[in-house]
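Read the structure below first, then the notes.
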Amino acid sequence: MSSWTNSSSNLSYTSFILLGFPGLKESRALLVLPFLSIYLVIVSANALVIHTVVAQRSLHQPMYLLIALLLAVNICAATTVVPAMLLSFSFRFSRISLARCLVQMFCIYFLIVFDCNILLVMALDRYVAICYPLRYPEIVTGQMLAGLLGAAATRSTCIVAPVVGLASRVRFCRSDVIHHFACEHMALMKLSCGDISLNKTVGLTVRIFNRVLDMLLLGASYSRIIHAAFRISSGRARSKALNTCGSHLLVIFTVYSSTMSSSIVYRVARTASQDVHNLLSVFYLLLPCLVNPIIYGARTKEIRQHLATVFQRAQHQVSSEKLQPLPSHRELPA
């Protein structure tokens with residue numbers, strides 16, 4: 001039975017059923033294997049690159065440490081969503097309290113925004129490294145990096161907290177079934193029975209302001225970086241700088257295009273089925289987590305070289321174990 005409160009004859013559900021991809025009905029269990037496979041690939045790929053950065057002392061530099069942090073956030077973002085989604089697919093439904101729902105909502109959006117803020121810090125790091133290479137060691141220190149990441153976390157909290165805080169004040173009386181695999185803001189707001197115009201306005205304003213400001217800052221940084229890179233006299237150094245920026249720009253394109261496209265389609269295609277909206281959410285939540293380690297692992301020369309060494313050692317170890325002769329057995333006496 002659904003949990004609810006009845007204060008002054010105002011019904012408000014305090015727990016909900018998460019029902020992702022409701023159109024599939026009994027076939028939802030078939031989604032467990034593909035999503036479990038995607039989740040394992042995300043965790044393995046991101047963890048492999050993180051391990052490479054942590055294990056190799058030559059990679060203990062701001063750029064590589066920021067890459068490792070970005071990939072760690074990817075793992076956290078996927079873990080916030082996928083395990084609960086797999087449980088709901090396995091047991092047909094998953095009940096969640098309003099408090100847990102709001103916590104999950106906060107974590108999802110905080111990690112998305114924090115991911116974007118790390119990209120801003122990385123842009124600043126590359127700007128100093130390419131435009132002021134001689135002063136880079138004295139400017140980008142561990143203390144400065146920690147301060148920037150602290151500011152990034154604070155900014156993420158300030159952006160997400162008002163949206164979640166307003167959601168906590170809404171009465172939910174239409175239904176106790178969220179037709180989504182996670183506590184996404186708009187999916188939860190569909191269950192409200194009061195005026196949520198303020199919630200919609202704040203959510204849309206925060207998203208647009210955040211995206212526009214980020215794009216302006218990133219555009220200004222990388223335009224200066226690319227201009228400075230083309231002025232480098234050494235062809236090898238110029239190629240390395242442009243290749244590094246290319247990797248970052250690919251990641252930025254993946255992150256922002258997935259979130260913006262899903263947001264636009266969500267508002268334009270209002271008549272689309274709930275399964276389509278669920279699929280769009282999977283797209284913007286998991287695509288960056290899946291693609292980012294591939295981009296950095298394949299395009300960043302130093303990381304690629306260390307990964308190749310790891311795979312060669314593993315292959316050599318397996319080959320040596322196969323070639324190891326079997327122990328001889330003594331003949332039994334007659």
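Chain labels follow the order of the structure tokens: the first chain is A, the next B, and so on; residue numbering restarts at 1 in every chain, and ligands are counted from 1 in their shown order.
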(message) When DSSP is applied to the backbone of this structure, which of segment 84-269 of chain A are assigned strand (DSSP E or B)? Write them out as JSON, numbers by chain.
(response) {"A": [94, 95, 96, 97, 172, 177, 178, 192]}
For the selection just defined, write its residues with all heavy atoms to a file, as a PDB file, in the first residue's frame.
```pdb
ATOM      1  N   SER A  94      10.288  -0.962  -8.153  1.00  0.00           N
ATOM      2  CA  SER A  94      11.156  -0.630  -7.026  1.00  0.00           C
ATOM      3  C   SER A  94      10.553   0.555  -6.281  1.00  0.00           C
ATOM      4  O   SER A  94      10.348   1.616  -6.876  1.00  0.00           O
ATOM      5  CB  SER A  94      12.559  -0.281  -7.531  1.00  0.00           C
ATOM      6  OG  SER A  94      13.400   0.096  -6.467  1.00  0.00           O
ATOM      7  N   ARG A  95      10.251   0.357  -5.005  1.00  0.00           N
ATOM      8  CA  ARG A  95       9.660   1.448  -4.221  1.00  0.00           C
ATOM      9  C   ARG A  95      10.769   2.298  -3.611  1.00  0.00           C
ATOM     10  O   ARG A  95      11.785   1.789  -3.154  1.00  0.00           O
ATOM     11  CB  ARG A  95       8.752   0.886  -3.130  1.00  0.00           C
ATOM     12  CG  ARG A  95       8.056   1.963  -2.314  1.00  0.00           C
ATOM     13  CD  ARG A  95       6.923   1.401  -1.509  1.00  0.00           C
ATOM     14  NE  ARG A  95       5.822   0.958  -2.359  1.00  0.00           N
ATOM     15  CZ  ARG A  95       4.901   1.778  -2.895  1.00  0.00           C
ATOM     16  NH1 ARG A  95       4.980   3.087  -2.672  1.00  0.00           N
ATOM     17  NH2 ARG A  95       3.930   1.313  -3.631  1.00  0.00           N
ATOM     18  N   ILE A  96      10.549   3.594  -3.620  1.00  0.00           N
ATOM     19  CA  ILE A  96      11.541   4.526  -3.106  1.00  0.00           C
ATOM     20  C   ILE A  96      10.818   5.617  -2.324  1.00  0.00           C
ATOM     21  O   ILE A  96       9.750   6.088  -2.737  1.00  0.00           O
ATOM     22  CB  ILE A  96      12.385   5.129  -4.258  1.00  0.00           C
ATOM     23  CG1 ILE A  96      13.530   5.990  -3.715  1.00  0.00           C
ATOM     24  CG2 ILE A  96      11.526   5.928  -5.230  1.00  0.00           C
ATOM     25  CD1 ILE A  96      14.520   6.422  -4.785  1.00  0.00           C
ATOM     26  N   SER A  97      11.359   5.991  -1.185  1.00  0.00           N
ATOM     27  CA  SER A  97      10.751   7.059  -0.384  1.00  0.00           C
ATOM     28  C   SER A  97      11.027   8.409  -1.030  1.00  0.00           C
ATOM     29  O   SER A  97      11.940   8.552  -1.851  1.00  0.00           O
ATOM     30  CB  SER A  97      11.314   7.041   1.037  1.00  0.00           C
ATOM     31  OG  SER A  97      12.693   7.392   1.031  1.00  0.00           O
ATOM     32  N   PHE A 172       2.459  15.711  -4.008  1.00  0.00           N
ATOM     33  CA  PHE A 172       2.359  14.708  -5.065  1.00  0.00           C
ATOM     34  C   PHE A 172       1.121  13.852  -4.802  1.00  0.00           C
ATOM     35  O   PHE A 172       1.126  13.011  -3.899  1.00  0.00           O
ATOM     36  CB  PHE A 172       3.615  13.835  -5.093  1.00  0.00           C
ATOM     37  CG  PHE A 172       4.885  14.621  -5.254  1.00  0.00           C
ATOM     38  CD1 PHE A 172       5.699  14.884  -4.157  1.00  0.00           C
ATOM     39  CD2 PHE A 172       5.252  15.124  -6.484  1.00  0.00           C
ATOM     40  CE1 PHE A 172       6.866  15.614  -4.293  1.00  0.00           C
ATOM     41  CE2 PHE A 172       6.418  15.871  -6.636  1.00  0.00           C
ATOM     42  CZ  PHE A 172       7.223  16.110  -5.540  1.00  0.00           C
ATOM     43  N   VAL A 177       3.278   6.394  -8.928  1.00  0.00           N
ATOM     44  CA  VAL A 177       4.109   5.680  -9.896  1.00  0.00           C
ATOM     45  C   VAL A 177       4.879   6.688 -10.743  1.00  0.00           C
ATOM     46  O   VAL A 177       4.278   7.505 -11.465  1.00  0.00           O
ATOM     47  CB  VAL A 177       3.272   4.761 -10.805  1.00  0.00           C
ATOM     48  CG1 VAL A 177       4.171   4.045 -11.815  1.00  0.00           C
ATOM     49  CG2 VAL A 177       2.495   3.747  -9.984  1.00  0.00           C
ATOM     50  N   ILE A 178       6.211   6.652 -10.648  1.00  0.00           N
ATOM     51  CA  ILE A 178       7.075   7.482 -11.490  1.00  0.00           C
ATOM     52  C   ILE A 178       7.443   6.654 -12.717  1.00  0.00           C
ATOM     53  O   ILE A 178       8.118   5.640 -12.595  1.00  0.00           O
ATOM     54  CB  ILE A 178       8.356   7.908 -10.728  1.00  0.00           C
ATOM     55  CG1 ILE A 178       8.000   8.676  -9.459  1.00  0.00           C
ATOM     56  CG2 ILE A 178       9.255   8.750 -11.616  1.00  0.00           C
ATOM     57  CD1 ILE A 178       9.195   9.000  -8.580  1.00  0.00           C
ATOM     58  N   SER A 192       2.736  15.948  -9.500  1.00  0.00           N
ATOM     59  CA  SER A 192       2.313  17.033  -8.610  1.00  0.00           C
ATOM     60  C   SER A 192       0.862  17.418  -8.903  1.00  0.00           C
ATOM     61  O   SER A 192       0.351  17.215 -10.001  1.00  0.00           O
ATOM     62  CB  SER A 192       3.217  18.251  -8.784  1.00  0.00           C
ATOM     63  OG  SER A 192       3.071  18.783 -10.094  1.00  0.00           O
TER      64      SER A 192
END
```
Skip Phe106 of chain A itself and residues of its chain fewer than 5 positions away, then list as a PDB file with N, CA and C atoms, in the first residue's frame all residues within 9 Å of it, counting only C-alpha atoms.
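So part_13.pdb came out as:
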```
ATOM      1  N   CYS A 101      14.324   9.630  -2.976  1.00  0.00           N
ATOM      2  CA  CYS A 101      14.115  10.115  -4.343  1.00  0.00           C
ATOM      3  C   CYS A 101      14.784  11.476  -4.546  1.00  0.00           C
ATOM      4  N   LEU A 111      26.292  15.605  -9.982  1.00  0.00           N
ATOM      5  CA  LEU A 111      27.398  14.971 -10.709  1.00  0.00           C
ATOM      6  C   LEU A 111      27.463  15.454 -12.156  1.00  0.00           C
ATOM      7  N   THR A 157      26.691  22.667  -6.199  1.00  0.00           N
ATOM      8  CA  THR A 157      25.695  22.601  -5.128  1.00  0.00           C
ATOM      9  C   THR A 157      24.710  23.759  -5.216  1.00  0.00           C
ATOM     10  N   VAL A 160      22.209  23.147  -8.127  1.00  0.00           N
ATOM     11  CA  VAL A 160      21.274  22.025  -7.997  1.00  0.00           C
ATOM     12  C   VAL A 160      20.351  22.180  -6.786  1.00  0.00           C
ATOM     13  N   ALA A 161      20.871  22.717  -5.684  1.00  0.00           N
ATOM     14  CA  ALA A 161      20.108  22.776  -4.428  1.00  0.00           C
ATOM     15  C   ALA A 161      18.761  23.495  -4.562  1.00  0.00           C
ATOM     16  N   VAL A 163      16.739  23.735  -7.122  1.00  0.00           N
ATOM     17  CA  VAL A 163      15.804  22.898  -7.882  1.00  0.00           C
ATOM     18  C   VAL A 163      15.266  21.770  -7.011  1.00  0.00           C
ATOM     19  N   VAL A 164      16.168  21.094  -6.285  1.00  0.00           N
ATOM     20  CA  VAL A 164      15.748  19.990  -5.419  1.00  0.00           C
ATOM     21  C   VAL A 164      14.966  20.524  -4.223  1.00  0.00           C
TER      22      VAL A 164
END
```
(request) In Å, rounded to a single decimal, give me how far atom CA of Cys131 of chain A is from atom CA of Arg231 of chain A. (result) 9.9 Å
(request) as a PyMOL selection string, please: all residues of segment 51-231 of chain A that backbone DSSP puts in alpha helix (DSSP H). (result) chain A and resi 51-55+62-90+98-131+136-139+142-167+185-189+197-230
Enumerate, in order of chain and increasing residue number, the residues of segment 181-209 of chain A with an atom no farther than 12 Å from segment 283-306 of chain A, each with its shortest atom pair and distance in Å to one decimal, counting only C-alpha atoms, as a tab-separated table.
```
residue	atom	partner	partner_atom	distance
A:Phe181	CA	A:Leu285	CA	11.7
A:Ala182	CA	A:Leu285	CA	10.7
A:Glu184	CA	A:Leu285	CA	10.9
```
(message) I need the residue nearest Leu250 of chain A from this list: A:Cys107, A:Leu119, A:Ala308, A:Leu191. Use only C-alpha atoms for the distance.
(response) A:Leu119
(request) Name all residues at most 10 Å from Val113 of chain A (count only C-alpha atoms; drop same-chain ones fewer than 3 positions away) and give them as a ChimeraX atom specification. (result) /A:107-110,116-119,152-153,155-157,159-160,207,210-211
(message) So, with only C-alpha atoms as the atoms that count, which of A:Ser234, A:Leu188, A:Leu218, A:His316 lies closest to Ser175 of chain A?
(response)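 Smallest separation from Ser175 of chain A among the options: A:Leu188.
If only C-alpha atoms are the atoms counted, then among A:Cys173, A:Leu216, A:Ala228, A:Ala187 the closest residue to Tyr127 of chain A is A:Ala228.
Using only C-alpha atoms, the shortest contact distance between Ala241 of chain A and any of A:Ile208, A:Pro133, A:Leu279, A:Val310 is found at A:Pro133.
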(message) Here is a test: counting only C-alpha atoms, which residue of A:Leu124, A:Ile232, A:Val206, A:Ala314 is nearest to Met63 of chain A?
(response) A:Leu124
(message) So the first atom is atom CA of Leu18 of chain A and the second is atom CA of Lys200 of chain A; what is the distance between them in Å, to one decimal place?
(response) 21.6 Å
(request) Give me the residues within 8 Å of Cys245 of chain A as a ChimeraX atom specification, counting only C-alpha atoms and dropping any in the same chain fewer than 3 places off. (result) /A:126,222,226,241-242,248-249
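Atom pair atom CA of Ser27 of chain A / atom CA of Ala77 of chain A: separated by 25.8 Å.
Distances to Gly150 of chain A were evaluated for A:Leu48, A:Ile264, A:Val121, A:Ala272 using only C-alpha atoms, and the minimum falls at A:Val121.
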